[in-house]
Each structure stands twice: as C-alpha cells, then as structure tokens.
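Student: Below you'll find my_file.cif; it's mmCIF, C-alpha atoms.
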data_query
loop_
_atom_site.group_PDB
_atom_site.id
_atom_site.type_symbol
_atom_site.label_atom_id
_atom_site.label_comp_id
_atom_site.auth_asym_id
_atom_site.auth_seq_id
_atom_site.Cartn_x
_atom_site.Cartn_y
_atom_site.Cartn_z
ATOM 1 C CA MET A 1 11.729 12.056 105.580
ATOM 2 C CA SER A 2 10.747 14.589 102.913
ATOM 3 C CA GLU A 3 8.257 16.619 104.877
ATOM 4 C CA PHE A 4 8.655 20.254 103.735
ATOM 5 C CA ASN A 5 6.927 23.496 104.424
ATOM 6 C CA THR A 6 5.883 24.430 100.887
ATOM 7 C CA THR A 7 5.570 28.167 101.589
ATOM 8 C CA ALA A 8 8.985 28.617 103.207
ATOM 9 C CA PHE A 9 10.793 25.754 101.438
ATOM 10 C CA GLN A 10 12.158 24.689 104.804
ATOM 11 C CA PRO A 11 12.129 21.210 106.338
ATOM 12 C CA SER A 12 10.159 20.782 109.526
ATOM 13 C CA PHE A 13 13.025 18.687 110.902
ATOM 14 C CA PHE A 14 16.559 17.484 110.219
ATOM 15 C CA VAL A 15 17.897 13.952 110.636
ATOM 16 C CA LEU A 16 20.871 13.591 112.984
ATOM 17 C CA THR A 17 23.412 10.853 112.283
ATOM 18 C CA GLY A 18 27.069 11.059 113.319
ATOM 19 C CA LEU A 19 28.423 7.781 114.667
ATOM 20 C CA HIS A 20 24.867 6.459 114.907
ATOM 21 C CA ARG A 21 25.484 4.751 111.556
ATOM 22 C CA LEU A 22 28.024 2.378 113.090
ATOM 23 C CA VAL A 23 26.684 -1.111 113.709
ATOM 24 C CA GLY A 24 25.765 -1.545 117.368
ATOM 25 C CA SER A 25 26.699 2.036 118.211
ATOM 26 C CA ARG A 26 23.782 2.460 120.632
ATOM 27 C CA LEU A 27 25.051 -0.441 122.741
ATOM 28 C CA TRP A 28 28.425 1.148 123.532
ATOM 29 C CA LEU A 29 28.306 4.805 122.440
ATOM 30 C CA GLY A 30 25.209 5.621 124.482
ATOM 31 C CA PRO A 31 26.721 4.582 127.837
ATOM 32 C CA LEU A 32 30.154 5.973 126.868
ATOM 33 C CA LEU A 33 28.784 9.413 125.965
ATOM 34 C CA SER A 34 26.629 9.431 129.099
ATOM 35 C CA LEU A 35 29.735 8.753 131.201
ATOM 36 C CA MET A 36 31.598 11.540 129.383
ATOM 37 C CA TYR A 37 28.770 13.977 130.076
ATOM 38 C CA ILE A 38 28.765 13.045 133.759
ATOM 39 C CA ILE A 39 32.550 13.507 134.016
ATOM 40 C CA THR A 40 32.290 16.829 132.160
ATOM 41 C CA MET A 41 29.515 18.244 134.344
ATOM 42 C CA VAL A 42 30.986 17.034 137.649
ATOM 43 C CA GLY A 43 34.510 18.165 136.748
ATOM 44 C CA ASN A 44 33.578 21.648 135.549
ATOM 45 C CA CYS A 45 31.078 22.269 138.358
ATOM 46 C CA THR A 46 33.781 21.229 140.838
ATOM 47 C CA VAL A 47 36.236 23.713 139.299
ATOM 48 C CA ILE A 48 33.718 26.555 139.541
ATOM 49 C CA TYR A 49 32.813 25.649 143.131
ATOM 50 C CA SER A 50 36.469 25.386 144.182
ATOM 51 C CA VAL A 51 37.410 28.748 142.660
ATOM 52 C CA ARG A 52 34.442 30.440 144.342
ATOM 53 C CA LYS A 53 35.055 28.947 147.788
ATOM 54 C CA GLU A 54 38.840 28.615 148.097
ATOM 55 C CA ARG A 55 40.788 31.787 148.945
ATOM 56 C CA SER A 56 44.036 30.435 147.492
ATOM 57 C CA LEU A 57 42.358 30.286 144.069
ATOM 58 C CA GLN A 58 41.343 33.954 143.999
ATOM 59 C CA GLU A 59 43.811 34.749 141.235
ATOM 60 C CA PRO A 60 43.258 35.771 137.587
ATOM 61 C CA GLN A 61 44.349 32.421 136.114
ATOM 62 C CA TYR A 62 41.798 30.514 138.213
ATOM 63 C CA HIS A 63 39.019 32.988 137.457
ATOM 64 C CA PHE A 64 39.713 32.439 133.757
ATOM 65 C CA LEU A 65 39.638 28.685 134.390
ATOM 66 C CA SER A 66 36.219 28.949 136.063
ATOM 67 C CA MET A 67 34.963 31.000 133.079
ATOM 68 C CA LEU A 68 36.226 28.285 130.734
ATOM 69 C CA ALA A 69 34.439 25.689 132.875
ATOM 70 C CA GLY A 70 31.214 27.701 132.592
ATOM 71 C CA ALA A 71 31.520 27.867 128.802
ATOM 72 C CA ASP A 72 32.174 24.103 128.715
ATOM 73 C CA ILE A 73 29.031 23.456 130.746
ATOM 74 C CA VAL A 74 26.925 25.530 128.320
ATOM 75 C CA LEU A 75 28.476 23.687 125.374
ATOM 76 C CA SER A 76 27.772 20.288 126.929
ATOM 77 C CA VAL A 77 24.179 21.144 127.856
ATOM 78 C CA SER A 78 23.623 22.427 124.297
ATOM 79 C CA THR A 79 24.325 18.986 122.832
ATOM 80 C CA LEU A 80 23.103 16.826 125.711
ATOM 81 C CA PHE A 81 19.489 16.251 124.680
ATOM 82 C CA SER A 82 19.985 15.684 120.945
ATOM 83 C CA VAL A 83 22.928 13.324 121.486
ATOM 84 C CA HIS A 84 21.018 11.265 124.048
ATOM 85 C CA LYS A 85 17.937 11.182 121.822
ATOM 86 C CA VAL A 86 20.065 9.675 119.064
ATOM 87 C CA PHE A 87 22.185 7.210 121.050
ATOM 88 C CA ILE A 88 19.880 6.302 123.945
ATOM 89 C CA LEU A 89 16.360 6.616 122.544
ATOM 90 C CA GLY A 90 17.165 6.068 118.867
ATOM 91 C CA ILE A 91 15.276 9.238 117.874
ATOM 92 C CA CYS A 92 17.235 10.941 115.108
ATOM 93 C CA GLU A 93 14.947 13.860 114.246
ATOM 94 C CA ILE A 94 15.396 17.421 115.486
ATOM 95 C CA ALA A 95 12.967 20.248 114.739
ATOM 96 C CA PHE A 96 14.213 22.947 112.377
ATOM 97 C CA ASP A 97 13.945 25.778 114.934
ATOM 98 C CA SER A 98 15.470 23.608 117.676
ATOM 99 C CA CYS A 99 18.396 22.900 115.373
ATOM 100 C CA LEU A 100 18.958 26.622 114.773
ATOM 101 C CA ALA A 101 18.803 27.347 118.503
ATOM 102 C CA GLN A 102 21.235 24.520 119.240
ATOM 103 C CA LEU A 103 23.826 25.658 116.697
ATOM 104 C CA PHE A 104 23.623 29.197 118.121
ATOM 105 C CA PHE A 105 24.476 27.993 121.644
ATOM 106 C CA ILE A 106 27.160 25.603 120.393
ATOM 107 C CA HIS A 107 28.944 28.251 118.333
ATOM 108 C CA THR A 108 28.505 30.966 120.982
ATOM 109 C CA SER A 109 29.982 28.838 123.775
ATOM 110 C CA SER A 110 32.769 27.686 121.441
ATOM 111 C CA SER A 111 33.616 31.285 120.591
ATOM 112 C CA MET A 112 33.591 32.184 124.285
ATOM 113 C CA SER A 113 35.920 29.272 125.057
ATOM 114 C CA SER A 114 38.273 30.447 122.332
ATOM 115 C CA GLY A 115 38.285 33.975 123.740
ATOM 116 C CA ILE A 116 38.974 32.708 127.259
ATOM 117 C CA LEU A 117 41.838 30.525 126.015
ATOM 118 C CA LEU A 118 43.299 33.704 124.502
ATOM 119 C CA ALA A 119 42.843 35.522 127.824
ATOM 120 C CA MET A 120 44.595 32.657 129.617
ATOM 121 C CA ALA A 121 47.512 32.917 127.160
ATOM 122 C CA PHE A 122 47.728 36.641 127.960
ATOM 123 C CA ASP A 123 47.682 35.754 131.664
ATOM 124 C CA HIS A 124 50.681 33.428 131.188
ATOM 125 C CA PHE A 125 52.433 36.069 129.081
ATOM 126 C CA VAL A 126 52.098 38.731 131.793
ATOM 127 C CA ALA A 127 53.031 36.314 134.603
ATOM 128 C CA ILE A 128 56.267 35.256 132.888
ATOM 129 C CA THR A 129 57.387 38.443 131.109
ATOM 130 C CA ASN A 130 56.296 41.011 133.711
ATOM 131 C CA PRO A 131 55.718 39.244 137.052
ATOM 132 C CA LEU A 132 56.243 42.352 139.204
ATOM 133 C CA LYS A 133 53.310 44.134 137.553
ATOM 134 C CA TYR A 134 51.095 41.040 137.268
ATOM 135 C CA THR A 135 48.570 42.085 139.920
ATOM 136 C CA THR A 136 48.401 45.671 138.677
ATOM 137 C CA ILE A 137 47.857 44.640 135.051
ATOM 138 C CA LEU A 138 45.383 41.812 135.650
ATOM 139 C CA THR A 139 43.108 43.415 138.213
ATOM 140 C CA SER A 140 39.815 41.819 139.214
ATOM 141 C CA SER A 141 37.819 44.290 137.105
ATOM 142 C CA ARG A 142 39.978 43.678 134.029
ATOM 143 C CA VAL A 143 39.635 39.918 134.385
ATOM 144 C CA THR A 144 35.847 40.299 134.615
ATOM 145 C CA ASN A 145 35.784 42.609 131.597
ATOM 146 C CA MET A 146 37.870 40.173 129.568
ATOM 147 C CA GLY A 147 35.423 37.379 130.378
ATOM 148 C CA LEU A 148 32.454 39.592 129.477
ATOM 149 C CA ALA A 149 34.163 40.603 126.237
ATOM 150 C CA ALA A 150 34.573 36.937 125.272
ATOM 151 C CA LEU A 151 30.890 36.269 126.044
ATOM 152 C CA LEU A 152 29.547 39.362 124.254
ATOM 153 C CA ARG A 153 31.755 38.744 121.227
ATOM 154 C CA GLY A 154 30.395 35.217 120.937
ATOM 155 C CA ILE A 155 26.783 36.394 121.215
ATOM 156 C CA ALA A 156 27.289 39.275 118.763
ATOM 157 C CA LEU A 157 29.052 37.146 116.149
ATOM 158 C CA MET A 158 26.745 34.114 116.353
ATOM 159 C CA THR A 159 23.341 35.822 116.657
ATOM 160 C CA PRO A 160 23.006 36.364 112.860
ATOM 161 C CA LEU A 161 23.565 32.655 112.095
ATOM 162 C CA PRO A 162 20.025 31.353 112.820
ATOM 163 C CA PHE A 163 18.429 34.327 111.052
ATOM 164 C CA LEU A 164 20.583 33.916 107.952
ATOM 165 C CA LEU A 165 19.785 30.207 107.776
ATOM 166 C CA LYS A 166 16.104 30.926 108.350
ATOM 167 C CA GLN A 167 16.001 32.883 105.094
ATOM 168 C CA LEU A 168 17.314 30.009 102.970
ATOM 169 C CA PRO A 169 15.388 27.313 101.110
ATOM 170 C CA PHE A 170 16.608 23.750 101.661
ATOM 171 C CA CYS A 171 16.637 21.349 98.752
ATOM 172 C CA LYS A 172 19.604 19.016 99.343
ATOM 173 C CA GLY A 173 18.053 16.629 101.831
ATOM 174 C CA GLN A 174 17.621 16.699 105.586
ATOM 175 C CA THR A 175 20.437 14.460 106.827
ATOM 176 C CA LEU A 176 23.169 16.075 108.921
ATOM 177 C CA SER A 177 26.651 14.676 109.548
ATOM 178 C CA TYR A 178 26.551 14.817 113.363
ATOM 179 C CA SER A 179 24.275 14.059 116.284
ATOM 180 C CA TYR A 180 23.879 17.824 116.808
ATOM 181 C CA CYS A 181 23.621 20.904 114.582
ATOM 182 C CA LEU A 182 26.544 22.987 113.315
ATOM 183 C CA HIS A 183 26.273 25.959 110.969
ATOM 184 C CA PRO A 184 28.453 24.575 108.113
ATOM 185 C CA ASP A 185 26.650 21.230 108.286
ATOM 186 C CA VAL A 186 23.179 22.793 108.044
ATOM 187 C CA MET A 187 24.257 25.285 105.388
ATOM 188 C CA LYS A 188 25.470 22.569 103.005
ATOM 189 C CA LEU A 189 21.852 21.364 102.691
ATOM 190 C CA ALA A 190 20.633 24.800 101.612
ATOM 191 C CA CYS A 191 20.192 26.066 98.071
ATOM 192 C CA GLY A 192 19.579 29.477 96.553
ATOM 193 C CA GLN A 193 21.677 32.496 97.534
ATOM 194 C CA VAL A 194 24.042 30.962 100.087
ATOM 195 C CA ARG A 195 26.970 33.300 99.364
ATOM 196 C CA ILE A 196 26.165 35.595 102.301
ATOM 197 C CA ASN A 197 26.118 32.605 104.660
ATOM 198 C CA ILE A 198 29.412 31.327 103.250
ATOM 199 C CA LEU A 199 31.103 34.722 103.542
ATOM 200 C CA TYR A 200 29.759 35.327 107.028
ATOM 201 C CA GLY A 201 30.873 31.872 108.152
ATOM 202 C CA LEU A 202 34.340 32.653 106.806
ATOM 203 C CA VAL A 203 34.362 35.985 108.658
ATOM 204 C CA LEU A 204 33.436 34.175 111.893
ATOM 205 C CA VAL A 205 36.281 31.713 111.523
ATOM 206 C CA ILE A 206 38.839 34.413 110.684
ATOM 207 C CA PHE A 207 37.862 37.022 113.266
ATOM 208 C CA SER A 208 37.174 34.684 116.166
ATOM 209 C CA PHE A 209 38.847 31.285 116.130
ATOM 210 C CA GLU A 210 41.742 31.914 113.720
ATOM 211 C CA ALA A 211 42.487 35.361 115.176
ATOM 212 C CA ASP A 212 42.465 33.914 118.695
ATOM 213 C CA PHE A 213 44.746 31.045 117.693
ATOM 214 C CA LEU A 214 47.164 33.433 115.968
ATOM 215 C CA LEU A 215 47.318 35.709 119.028
ATOM 216 C CA ILE A 216 47.823 32.689 121.304
ATOM 217 C CA ALA A 217 50.689 31.529 119.080
ATOM 218 C CA ILE A 218 52.259 35.003 119.188
ATOM 219 C CA SER A 219 51.879 35.055 122.979
ATOM 220 C CA TYR A 220 53.769 31.781 123.297
ATOM 221 C CA ILE A 221 56.514 32.909 120.936
ATOM 222 C CA LEU A 222 57.051 35.910 123.229
ATOM 223 C CA ILE A 223 56.797 33.671 126.302
ATOM 224 C CA PHE A 224 59.460 31.267 124.967
ATOM 225 C CA GLN A 225 61.723 34.204 124.162
ATOM 226 C CA ALA A 226 61.321 35.467 127.733
ATOM 227 C CA VAL A 227 61.964 31.992 129.150
ATOM 228 C CA LEU A 228 65.252 31.742 127.231
ATOM 229 C CA HIS A 229 66.448 34.856 129.043
ATOM 230 C CA ILE A 230 65.916 33.249 132.460
ATOM 231 C CA ALA A 231 69.346 32.500 133.875
ATOM 232 C CA SER A 232 68.777 29.172 135.620
ATOM 233 C CA ARG A 233 67.660 25.938 133.988
ATOM 234 C CA GLU A 234 65.361 25.309 136.944
ATOM 235 C CA GLY A 235 63.708 28.690 136.457
ATOM 236 C CA GLN A 236 63.146 27.987 132.772
ATOM 237 C CA MET A 237 61.520 24.622 133.461
ATOM 238 C CA LYS A 238 59.336 26.088 136.206
ATOM 239 C CA ALA A 239 58.108 28.841 133.887
ATOM 240 C CA LEU A 240 57.365 26.410 131.046
ATOM 241 C CA ASN A 241 55.635 23.979 133.403
ATOM 242 C CA THR A 242 53.024 26.626 134.247
ATOM 243 C CA CYS A 243 52.035 26.711 130.563
ATOM 244 C CA LEU A 244 51.803 22.975 129.812
ATOM 245 C CA SER A 245 48.143 22.512 130.761
ATOM 246 C CA HIS A 246 47.076 25.482 128.676
ATOM 247 C CA ILE A 247 49.147 24.398 125.651
ATOM 248 C CA PHE A 248 47.613 20.902 125.806
ATOM 249 C CA ILE A 249 44.052 22.269 125.949
ATOM 250 C CA VAL A 250 44.756 24.694 123.094
ATOM 251 C CA PHE A 251 45.876 21.846 120.832
ATOM 252 C CA ILE A 252 42.962 19.523 121.606
ATOM 253 C CA TYR A 253 40.548 22.449 121.139
ATOM 254 C CA TYR A 254 41.868 24.052 117.951
ATOM 255 C CA GLY A 255 43.126 20.897 116.229
ATOM 256 C CA PRO A 256 39.735 19.239 115.564
ATOM 257 C CA LEU A 257 38.081 22.664 115.070
ATOM 258 C CA LEU A 258 40.441 23.644 112.267
ATOM 259 C CA ALA A 259 40.168 20.172 110.721
ATOM 260 C CA ILE A 260 36.346 20.375 110.685
ATOM 261 C CA THR A 261 36.474 23.867 109.170
ATOM 262 C CA VAL A 262 38.802 22.735 106.394
ATOM 263 C CA MET A 263 36.759 19.603 105.660
ATOM 264 C CA HIS A 264 33.582 21.658 105.265
ATOM 265 C CA ARG A 265 35.177 24.292 103.021
ATOM 266 C CA ILE A 266 37.402 22.346 100.628
ATOM 267 C CA SER A 267 35.979 20.498 97.668
ATOM 268 C CA ILE A 268 37.644 17.170 98.455
ATOM 269 C CA ARG A 269 35.008 14.744 99.698
ATOM 270 C CA SER A 270 35.880 13.145 103.001
ATOM 271 C CA PRO A 271 34.153 10.080 104.441
ATOM 272 C CA PRO A 272 31.193 10.836 106.761
ATOM 273 C CA ILE A 273 32.824 8.849 109.554
ATOM 274 C CA ALA A 274 35.761 11.303 109.523
ATOM 275 C CA HIS A 275 33.367 14.228 110.017
ATOM 276 C CA ALA A 276 31.592 12.408 112.829
ATOM 277 C CA VAL A 277 34.763 11.397 114.686
ATOM 278 C CA LEU A 278 36.323 14.879 114.481
ATOM 279 C CA GLY A 279 33.025 16.478 115.478
ATOM 280 C CA ASN A 280 32.736 14.304 118.571
ATOM 281 C CA ILE A 281 36.361 14.932 119.552
ATOM 282 C CA TYR A 282 35.860 18.683 119.141
ATOM 283 C CA LEU A 283 32.699 18.891 121.247
ATOM 284 C CA PHE A 284 33.200 16.177 123.851
ATOM 285 C CA MET A 285 36.923 15.953 124.610
ATOM 286 C CA PRO A 286 37.965 19.521 125.581
ATOM 287 C CA PRO A 287 35.083 20.098 128.067
ATOM 288 C CA MET A 288 35.801 16.730 129.688
ATOM 289 C CA LEU A 289 39.595 17.052 129.748
ATOM 290 C CA ASN A 290 39.867 20.707 130.860
ATOM 291 C CA PRO A 291 39.108 20.128 134.559
ATOM 292 C CA ILE A 292 41.036 16.837 134.622
ATOM 293 C CA VAL A 293 44.201 18.310 133.090
ATOM 294 C CA TYR A 294 44.191 21.421 135.248
ATOM 295 C CA SER A 295 43.444 19.424 138.395
ATOM 296 C CA LEU A 296 46.328 17.053 137.728
ATOM 297 C CA LYS A 297 48.825 19.762 136.778
ATOM 298 C CA THR A 298 47.905 22.534 139.238
ATOM 299 C CA LYS A 299 48.889 22.014 142.871
ATOM 300 C CA GLN A 300 46.575 24.728 144.213
ATOM 301 C CA ILE A 301 43.517 23.088 142.629
ATOM 302 C CA ARG A 302 44.491 19.657 143.982
ATOM 303 C CA VAL A 303 44.878 21.134 147.491
ATOM 304 C CA ALA A 304 41.507 22.903 147.200
ATOM 305 C CA LEU A 305 39.818 19.674 146.091
ATOM 306 C CA ARG A 306 41.308 17.747 149.012
ATOM 307 C CA LYS A 307 40.092 20.443 151.399
ATOM 308 C CA SER A 308 36.591 20.259 149.937
ATOM 309 C CA CYS A 309 36.549 16.473 150.278
ATOM 310 C CA LYS A 310 37.695 16.670 153.918
ATOM 311 C CA ILE A 311 35.054 19.268 154.781
ATOM 312 C CA GLN A 312 32.289 17.244 153.153
ATOM 313 C CA GLY A 313 33.594 14.073 154.791
ATOM 314 C CA SER A 314 33.541 15.592 158.255
#
Would you write out, as structure tokens, the structure that this file holds?
Tutor:
Amino acid sequence: MSEFNTTAFQPSFFVLTGLHRLVGSRLWLGPLLSLMYIITMVGNCTVIYSVRKERSLQEPQYHFLSMLAGADIVLSVSTLFSVHKVFILGICEIAFDSCLAQLFFIHTSSSMSSGILLAMAFDHFVAITNPLKYTTILTSSRVTNMGLAALLRGIALMTPLPFLLKQLPFCKGQTLSYSYCLHPDVMKLACGQVRINILYGLVLVIFSFEADFLLIAISYILIFQAVLHIASREGQMKALNTCLSHIFIVFIYYGPLLAITVMHRISIRSPPIAHAVLGNIYLFMPPMLNPIVYSLKTKQIRVALRKSCKIQGS
C-alpha cells in the first residue's frame, strides 16, 4: 500500500473506501447501487428521449430538464466503474491519473448541474413574474446558450484541478474517504505547498455552487413575492405547484454538497462513515430522483411517457 514514485513523490494508486468498510457491505450495497445506477440511466435517458421526440415538450423548462438529465448521466458514468470495482469486485485501488480524471468529470458535471438548476430557477421566475414575455425572453437560442454557458463554466473552472494536484507531493497516506475521487478528499493527503489548491477550491465553491445557490434563493424570494400578488388562492397554489419539483431537487442537491464542503474545510473531525454517507447521497440520489420527481409532478412528461409506451407496445 506504500508504493510511491520516488522522483515525483506521488502514489501510483489511491485506495477507495467509503461504505466498503461496513461489515457485509458487498452483499447488499453492490446490488443496491447497481439498481440505483440502472434506475438513473433508464430514467434520465427516457427524459432526454421524450423531450427530443414529443412536440408538447418543446419548451424551455423541458430543454433545461433534458440538459440536467445529460449532466446526471455524465456524473453517474464518471463514478460507475470505480464504485462497481469496490462493491462488486472488491478491488479498492484506483490509479493516480485515473483518479484525477474521475474527479475532473465529477466536479465538471456537478458544476454543470448547478448551473442548469440556476437556469431552471430563472425559467420559473420569468414564467411567473412575466408570463406574457416568456417566449420572447427564453428563446430557443438563449436556452441553448445558457446550457452551453453552464457546460463551459464547469470545464473552465475544473480543468486546473488535476494539474494543480499533479504538482503536489503526497505524504499522508493513500486512503480516500469515498469509493470515487473528489478534489478535497485527494488534497487532504497532499503535503508541501497546498495553499494554492485550498484557495482555488474555495474560489470554485464560492463562484460556482454557492453563487448559484444564492441566485436561486433570490429567484425564489422574488417568485414568492410575485405569487403573493396573485389575486386568487387557486392561482397562487397553481403557480407554487410548478416550482415544487425544482425546489425539492435543489434541496437534495445542495444540502449534501454544502455539508461535504463544510466537513472537509472545518477542523472538527467527523467520523468517516458520515463522509461516506453524505458523499453517496450527494452523488447517487439527485441523478436518480430527478427524472422520477419530474415525471410524477409534471403532467406533460407523464403524457409523453404514456404515448411512448403505447407506440412501442403497438
């Protein structure tokens, strides 16, 4: 376990753990995670297919939903092989360069998801506060540009991470807290001049995830103010009901993310199991629940799914 490259002071591999430490975890976590991956891939692929094929879903909110589904697929694929190696095959080692590549894709897709959640909040804001100009404000080209902006921001912000880590020597072991690689988790094993990595990681959190969450919160404050000015009780409930799915996804996405960030940056030692549980909730639950929640709460998606099933059945 102490195999090091003596010229670069870098380990040739890291050891993945997470919930693997629990007694008998391979017997129940392996099948459970496999089922979650299947649900995630089928659900998100179905959303993308439905939005592409169904004319009634050719609206900005559904295009944003398909973008979110695409980001969730990338996130799930990024962790798929390492998680299954740990819980199905019992292989806990991941090569150093593979770990850096994995954390890049995980953080990039997470940043893209955050940006798309912000775009969806803006979509709700425009739909409720300025419905008459909704189609002129959120044109097809603007929706596409907003999705591209979320993708390019994620790539631009996360590209330096592997290169910054590559420059560091590692002298605090090789054991990671999760069954996949995250930047804060890898960085805590490094020694030497880690200040740049710490500062850049803080900049990433502030200017991507925290900024997005703050803007989403501001959007909903303005939305609730607009809803209060709707005359009828029925109109108020209808307006709020359109936001429920998005609010739920925002909380299950940002809650564990902020908790993980705090746990990695404060000095108070937290039990490894807490890191592992929050990490698994953060990476596995939102991609799996997104298509389920939106399918249950959105009539147009349910109708499109029934149509698809009838066509395939006939």
Student: Do you have the CA of Ser66 in chain A-CA of Ser141 in chain A distance handy?
Tutor: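 Straight-line distance from CA of Ser66 in chain A to CA of Ser141 in chain A works out to 15.5 Å.
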Student: Set the distance at 8 Å and use all atoms listed in the file: which residues neighbour Ser111 in chain A once local chain neighbours fewer than 3 positions away are removed? I'd like the list as an mmCIF file with C-alpha atoms, keeping the file's coordinate frame.
Tutor:
data_model
loop_
_atom_site.group_PDB
_atom_site.id
_atom_site.type_symbol
_atom_site.label_atom_id
_atom_site.label_comp_id
_atom_site.auth_asym_id
_atom_site.auth_seq_id
_atom_site.Cartn_x
_atom_site.Cartn_y
_atom_site.Cartn_z
ATOM 1 C CA HIS A 107 28.944 28.251 118.333
ATOM 2 C CA THR A 108 28.505 30.966 120.982
ATOM 3 C CA SER A 114 38.273 30.447 122.332
ATOM 4 C CA GLY A 115 38.285 33.975 123.740
ATOM 5 C CA ALA A 150 34.573 36.937 125.272
ATOM 6 C CA LEU A 151 30.890 36.269 126.044
ATOM 7 C CA ARG A 153 31.755 38.744 121.227
ATOM 8 C CA GLY A 154 30.395 35.217 120.937
ATOM 9 C CA SER A 208 37.174 34.684 116.166
ATOM 10 C CA PHE A 209 38.847 31.285 116.130
#
Student: I need the residue nearest Met187 in chain A from this list: A:Phe14, A:Ser219, A:Ile116, A:Arg233. Use only C-alpha atoms for the distance.
Tutor: A:Phe14
Student: Using the chain letters and numbers from the file, which residues does the PyMOL selection byres ((chain A and resi 227) around 9) grab, as a list in words?
Tutor: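 Output of the PyMOL selection byres ((chain A and resi 227) around 9): Ile128, Thr129, Leu222, Ile223, Phe224, Gln225, Ala226, Leu228, His229, Ile230, Ala231, Gly235, Gln236, Met237, Ala239 and Leu240 of chain A.
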Student: Would you mind telling me which residue in A:Ile273, A:Ile196, A:Val47, A:Met41 lies nearest to Leu75 in chain A when using only C-alpha atoms?
Tutor: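 Selected residue with least distance to Leu75 in chain A: A:Met41.
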Student: Within 9 Å of Leu289 in chain A, counting all atoms listed in the file, which residues qualify if same-chain residues fewer than 2 places away don't, as a PyMOL selection string?
Tutor: chain A and resi 39-40+43+249+284-287+291-294
Student: Where does the PyMOL selection byres ((chain A and resi 98-100) around 8) land in this file, that is, which residues does it pick, as a list in words?
Tutor: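 That expression, the PyMOL selection byres ((chain A and resi 98-100) around 8), corresponds here to Phe14, Ile94, Ala95, Phe96, Asp97, Ala101, Gln102, Leu103, Phe104, Pro162, Leu165, Tyr180 and Cys181 of chain A.
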Student: Convert the output of the PyMOL selection byres ((chain A and resi 62) around 10) on the shown file into explicit residues, formatted as a PDB file with C-alpha atoms, keeping the file's coordinate frame.
Tutor:
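File produced: part_37.pdb:
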ATOM      1  CA  VAL A  47      36.236  23.713 139.299  1.00  0.00           C
ATOM      2  CA  ILE A  48      33.718  26.555 139.541  1.00  0.00           C
ATOM      3  CA  SER A  50      36.469  25.386 144.182  1.00  0.00           C
ATOM      4  CA  VAL A  51      37.410  28.748 142.660  1.00  0.00           C
ATOM      5  CA  ARG A  52      34.442  30.440 144.342  1.00  0.00           C
ATOM      6  CA  SER A  56      44.036  30.435 147.492  1.00  0.00           C
ATOM      7  CA  LEU A  57      42.358  30.286 144.069  1.00  0.00           C
ATOM      8  CA  GLN A  58      41.343  33.954 143.999  1.00  0.00           C
ATOM      9  CA  GLU A  59      43.811  34.749 141.235  1.00  0.00           C
ATOM     10  CA  PRO A  60      43.258  35.771 137.587  1.00  0.00           C
ATOM     11  CA  GLN A  61      44.349  32.421 136.114  1.00  0.00           C
ATOM     12  CA  HIS A  63      39.019  32.988 137.457  1.00  0.00           C
ATOM     13  CA  PHE A  64      39.713  32.439 133.757  1.00  0.00           C
ATOM     14  CA  LEU A  65      39.638  28.685 134.390  1.00  0.00           C
ATOM     15  CA  SER A  66      36.219  28.949 136.063  1.00  0.00           C
ATOM     16  CA  MET A  67      34.963  31.000 133.079  1.00  0.00           C
ATOM     17  CA  LEU A  68      36.226  28.285 130.734  1.00  0.00           C
ATOM     18  CA  MET A 120      44.595  32.657 129.617  1.00  0.00           C
ATOM     19  CA  TYR A 294      44.191  21.421 135.248  1.00  0.00           C
ATOM     20  CA  GLN A 300      46.575  24.728 144.213  1.00  0.00           C
ATOM     21  CA  ILE A 301      43.517  23.088 142.629  1.00  0.00           C
TER      22      ILE A 301
END
Student: Check the smallest atom-to-atom distance from each of A:Val205, A:Met112, A:Val42, A:Met158 to Leu258 in chain A using only C-alpha atoms, then report the winner.
Tutor: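 Of A:Val205, A:Met112, A:Val42, A:Met158, the one nearest Leu258 in chain A, counting only C-alpha atoms, is A:Val205.
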Student: For each of A:Ser295, A:Ser177, A:Ser34, A:Asn44, take the minimum atom-to-atom distance to Val277 in chain A, counting all atoms listed in the file, then give the residue where this is smallest.
Tutor: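 Going through A:Ser295, A:Ser177, A:Ser34, A:Asn44 one by one, the smallest distance to Val277 in chain A is for A:Ser177.
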